[in-house]
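Participant: Take this structure, written in structure tokens, and hold onto it; I'll ask about it next.
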Amino acid sequence: MKPRQTGLKKGLTNYGDQGFSLFLRKAFIKGAGYTDQALERPVVGIVNTGSSYNPCHGNAPQLIEAVKRGVMLAGGLPMDFPTISIHESFSAPTSMYLRNLMSMDTEEMVRAQPMDAVVLIGGCDKTVPAQLMGAASAGIPSIQLITGSMLTGSHRGERVGACTDCRRYWGKYRAEEIDAEDIAEVNNQLVASVGTCSVMGTASTMACIAEAMGMTVPGGASPPAVTADRIRVAEETGAQAVQMAHDGLTIDKILTPAAFENAMRVLLAIGGSTNGIVHLTAIAGRMGLEIDLDALDRMGRETPVLLDLKPSGKHYMEDFHHAGGMATLLRELKPLLRLEALTVTGRTLGEEIERAGAGFPQDVVRPAANPIYPQGGIAVLRGNLAPGGAIIKQSAADARLMEHEGRAVVFENVEDMATRIDSDALDVNADDILVLKNIGPKGAPGMPEAGYIPIPRKLARAGVKDIVRISDGRMSGTAFGTIVLHVTPESAIGGPLAYVQNGDRIRLSVANREIALLVADEELARRVQETPVVIPSAGRGYAKLFLDTVTQADQGVDFDFLRAVKMVGKAPDRG
């Protein structure tokens with residue numbers, strides 16, 4: 001058996017002479033001032049996703065230095081290198097469109113360069129899933145370092161933070177409850193520091209999920225970006241990466257069905273972003289695992305929302321950190337977790353919970369006997385409108401609308417919605433159901449977060465705060481409302497949503513997990529025959545790659561050729 005190559009000997013460039021390849025590599029790296037003694041150490045790659053366009057990663061330079069310190073203290077050689085950096089608000093048409101590209105960049109740079117382990121530095125919504133997807137495919141020892149959440153600000157004595165409060169204040173502005181001066185003033189306070197959104201949006205959700213899956217050091221999810229705690233986590237992460245390299249603790253030993261089950265359990269208990277399902281599905285697909293949405297729904301019926309964080313509750317991420325972070329939550333969830341799941345420390349999740357101690361009194365993580373919401377934050381819906389499934393964040397919805405039948409008010413695409421949503425001539429009332437088509441993976445493209453359809457201005461002015469909304473797109477984890485998302489198959493490829501017309505009756509029953517279009521099968525068949533769908537395509541470039549190969553939401557919106565060659569199981573892997 002050929003011995004495993006490590007350090008600078010790993011993945012030599014092909015010049016037809018391996019001895020020369022190593023000689024040349026060492027000659028060039030010595031040009032940077034490295035000694036032979038340094039070059040004999042285990043190499044730990046550090047993914048640098050710092051960017052002026054990405055304030056969520058604004059602390060990346062400090063984190064990299066701390067990781068390097070930890071690597072060197074543990075006897076390794078740190079080597080940082082850049083990859084794509086994606087920010088939610090600075091990516092057109094949507095950050096989701098670029099997530100798979102970032103995953104490819106991460107995977108191929110990890111493969112191409114010699115490293116015995118890799119530290120993945122990410123925080124903004126799509127960066128952590130992209131890195132975990134890429135690392136899962138690359139297969140080497142990998143550890144996630146979260147950039148951390150921003151601090152909260154204050155507006156006229158009220159504590160505020162991105163981005164649930166962004167949406168709340170913008171809703172007030174649209175409803176003409178506040179004026180242009182007010183909205184400009186609060187704009188200066190919503191993001192009080194670098195870091196990710198301070199509520200349970202997608203960034204915080206993925207941070208918690210990463211720790212639940214065992215992919216961060218204990219306590220790695222919650223420290224805010226600008227705190228000493230976050231820097232200490234970074235140093236510890238660097239040291240742990242060296243240990244993982246020594247132990248050969250590859251990512252496949254951590255990302256097991258048990259790890260994904262724990263992630264699903266935590267997603268439900270934190271009232272996490274609906275995007276978490278899409279990302280978990282994509283990461284699992286790289287490991288050859290299918291996420292069982294029906295099992296997720298069954299788990300949701302027995303997993304209450306325990307974390308009192310916006311948008312489902314009232315607190316912010318820094319409060320969660322002060323309350324003990326994930327250790328406090330995992331301790332409360334312990335009877336429902338797969339405690340045998342391995343973590344990056346080489347210990348099991350159960351062992352880490354025990355090492356965290358007994359906890360202390362706090363009011364951010366509720367006891368199971370007194371939850372924020374009695375069931376998991378997310379419910380899976382099925383029916384003739386969504387044969388492949390759809391989801392709703394029930395913990396952030398209006399209880400009065402969870403069982404509802406109404407008349408469809410249809411928008412064919414985002415442009416149609418933008419043109420008509422604020423018109424006083426729009427035929428809409430509070431009992432109607434807004435339907436937005438063509439914002440799925442292929443339709444937009446990139447499945448944008450336009451699923452958070454605004455309340456029509458005429459209704460907002462009348463005091464309407466929520467209305468049932470349905471689309472094949474996504475919404476931000478910071479958003480709230482009675483909103484059905486991820487309708488599969490999407491309308492752009494001929495899913496039933498494509499054939500909904502103004503005036504159709506739609507029934508939503510969260511109790512029955514149903515989303516139904518109340519139109520006869522014969523009528524639907526006639527519409528399909530009369531209005532065939534033209535699937536979007538592109539002539540060249542990344543747009544062509546995306547549209548030709550992207551999968552539906554139930555397969556994680558990944559590229560089909562990036563998923564594992566063979567599916568080997570499901571998560572969870574027990575009934």
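Ordering of the structure tokens sets the chain letters (A, B, ...), residue numbers begin anew at 1 in every chain, and ligands are numbered from 1 in the order given.
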How close does segment 364-480 of chain A get to segment 260-267 of chain A? List, as JSON lines, each residue of segment 364-480 of chain A within 9 Å, its nearest atom pair and the distance in Å to one decimal, counting only C-alpha atoms.

Facilitator:
```
{"residue": "A:Gly376", "atom": "CA", "partner": "A:Leu267", "partner_atom": "CA", "distance": 8.1}
{"residue": "A:Gly377", "atom": "CA", "partner": "A:Leu267", "partner_atom": "CA", "distance": 7.8}
{"residue": "A:Ile378", "atom": "CA", "partner": "A:Leu267", "partner_atom": "CA", "distance": 8.3}
```

Participant: Go ahead and write the selection's residues with N, CA and C atoms as a PDB file, in the first residue's frame.

Facilitator:
```
ATOM      1  N   GLY A 376     -41.626  22.127  16.523  1.00  0.00           N
ATOM      2  CA  GLY A 376     -40.470  22.675  15.837  1.00  0.00           C
ATOM      3  C   GLY A 376     -40.841  23.853  14.971  1.00  0.00           C
ATOM      4  N   GLY A 377     -39.877  24.743  14.741  1.00  0.00           N
ATOM      5  CA  GLY A 377     -40.156  25.971  14.023  1.00  0.00           C
ATOM      6  C   GLY A 377     -40.613  25.773  12.598  1.00  0.00           C
ATOM      7  N   ILE A 378     -40.274  24.622  11.991  1.00  0.00           N
ATOM      8  CA  ILE A 378     -40.552  24.398  10.574  1.00  0.00           C
ATOM      9  C   ILE A 378     -41.459  23.198  10.390  1.00  0.00           C
TER      10      ILE A 378
END
```

Participant: Near Gly406 of chain A, within 12 Å and counting only C-alpha atoms, which residues show up once chain neighbours fewer than 6 positions away are dropped, as a ChimeraX atom specification?

Facilitator: /A:428-435,467-470,502-509,515-518

Participant: Just checking: using only C-alpha atoms, which residue out of A:Arg338, A:Arg382, A:Arg407, A:Arg286 ends up closest to Val519 of chain A?

Facilitator: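 Comparing A:Arg338, A:Arg382, A:Arg407, A:Arg286 against Val519 of chain A, the winner is A:Arg407.
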
Participant: Between A:Leu255, A:Leu381, A:Val194, A:Val528, which has the minimum distance to Asn54 of chain A (counting only C-alpha atoms)?

Facilitator: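 Of A:Leu255, A:Leu381, A:Val194, A:Val528, the one nearest Asn54 of chain A, counting only C-alpha atoms, is A:Val194.
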
Participant: Could you tell me which of A:Ser51, A:Gln501, A:Thr549, A:Thr127 comes closest to Pro82 of chain A if we count only C-alpha atoms?

Facilitator: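 Checking each of A:Ser51, A:Gln501, A:Thr549, A:Thr127 against Pro82 of chain A, counting only C-alpha atoms, the winner is A:Ser51.
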
Participant: If I take atom CA of Ile353 of chain A and atom CA of His279 of chain A, how far is one from the other in Å, to one decimal?

Facilitator: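 That distance, rounded to one decimal, is 25.2 Å.
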
Participant: Name the residues of segment 186-402 of chain A that come out as strand (DSSP E) in a backbone DSSP run; write them as JSON, numbers by chain.

Facilitator: {"A": [289, 290, 291, 378, 379, 380, 381, 382, 383, 386, 387, 388, 389, 390, 391, 392, 393]}

Participant: Which neighbours of Lys10 of chain A fall inside 8 Å, counting only C-alpha atoms, when residues of the same chain fewer than 5 positions from it are skipped, and could you give them as a list in words?

Facilitator: Gln5, Gln113, Pro114 and Met115 of chain A

Participant: Please build the interface table for segment 229-262 of chain A against segment 201-224 of chain A with a cut-off of 8 Å, listing for each qualifying residue the nearest atom pair and the distance in Å to one decimal; count only C-alpha atoms, order rows by chain and increasing number, and write it as a Markdown table.

Facilitator:
```
| residue | atom | partner | partner_atom | distance |
| --- | --- | --- | --- | --- |
| A:Asp229 | CA | A:Pro223 | CA | 5.9 |
| A:Arg230 | CA | A:Pro223 | CA | 5.2 |
| A:Val233 | CA | A:Gly220 | CA | 6.2 |
| A:Glu236 | CA | A:Val217 | CA | 7.4 |
| A:Thr237 | CA | A:Val217 | CA | 6.3 |
| A:Gln240 | CA | A:Val217 | CA | 7.8 |
| A:Ile254 | CA | A:Gly214 | CA | 6.6 |
| A:Leu255 | CA | A:Met213 | CA | 6.8 |
| A:Ala259 | CA | A:Met213 | CA | 4.6 |
| A:Phe260 | CA | A:Met213 | CA | 6.3 |
| A:Asn262 | CA | A:Ala212 | CA | 6.0 |
```

Participant: Go ahead and save the residues from that selection, with N, CA, C and O atoms, as a short mmCIF file (atom, residue, chain, number, x, y, z; two decimals), in the first residue's frame.

Facilitator:
```
data_model
loop_
_atom_site.label_atom_id
_atom_site.label_comp_id
_atom_site.auth_asym_id
_atom_site.auth_seq_id
_atom_site.Cartn_x
_atom_site.Cartn_y
_atom_site.Cartn_z
N ASP A 229 -13.86 36.53 23.20
CA ASP A 229 -14.29 35.13 23.15
C ASP A 229 -14.16 34.57 21.73
O ASP A 229 -13.73 33.42 21.54
N ARG A 230 -14.54 35.37 20.72
CA ARG A 230 -14.45 34.90 19.33
C ARG A 230 -13.00 34.67 18.93
O ARG A 230 -12.68 33.69 18.24
N VAL A 233 -11.79 31.46 20.48
CA VAL A 233 -12.31 30.32 19.71
C VAL A 233 -11.45 30.09 18.47
O VAL A 233 -11.16 28.95 18.10
N GLU A 236 -8.20 28.38 19.46
CA GLU A 236 -8.49 26.98 19.78
C GLU A 236 -8.76 26.17 18.51
O GLU A 236 -8.36 25.00 18.41
N THR A 237 -9.43 26.79 17.55
CA THR A 237 -9.72 26.12 16.28
C THR A 237 -8.44 25.75 15.55
O THR A 237 -8.30 24.65 15.01
N GLN A 240 -6.83 22.81 17.27
CA GLN A 240 -7.58 21.58 17.04
C GLN A 240 -7.37 21.05 15.63
O GLN A 240 -7.36 19.84 15.40
N ILE A 254 -17.23 12.66 10.75
CA ILE A 254 -18.05 13.60 11.54
C ILE A 254 -19.42 13.81 10.90
O ILE A 254 -20.45 13.77 11.59
N LEU A 255 -19.45 14.00 9.58
CA LEU A 255 -20.73 14.25 8.90
C LEU A 255 -21.43 12.93 8.59
O LEU A 255 -21.55 12.50 7.44
N ALA A 259 -25.01 12.93 12.83
CA ALA A 259 -24.70 14.36 12.88
C ALA A 259 -25.80 15.18 12.21
O ALA A 259 -26.21 16.23 12.72
N PHE A 260 -26.28 14.71 11.06
CA PHE A 260 -27.35 15.42 10.37
C PHE A 260 -28.65 15.37 11.17
O PHE A 260 -29.41 16.34 11.18
N ASN A 262 -28.84 15.37 14.42
CA ASN A 262 -28.66 16.37 15.46
C ASN A 262 -28.86 17.78 14.91
O ASN A 262 -29.45 18.65 15.55
#
```

Participant: Could you tell me how far atom CA of Ala553 of chain A sits from atom CA of Asp294 of chain A, in Å to one decimal place?

Facilitator: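 Going from atom CA of Asp294 of chain A over to atom CA of Ala553 of chain A, I get 14.5 Å.
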
Participant: Using only C-alpha atoms for the distances, tell me which of A:Val44, A:Glu340, A:Val199, A:Glu522 is nearest to His246 of chain A.

Facilitator: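 Ranking A:Val44, A:Glu340, A:Val199, A:Glu522 by distance to His246 of chain A, first place goes to A:Val44.
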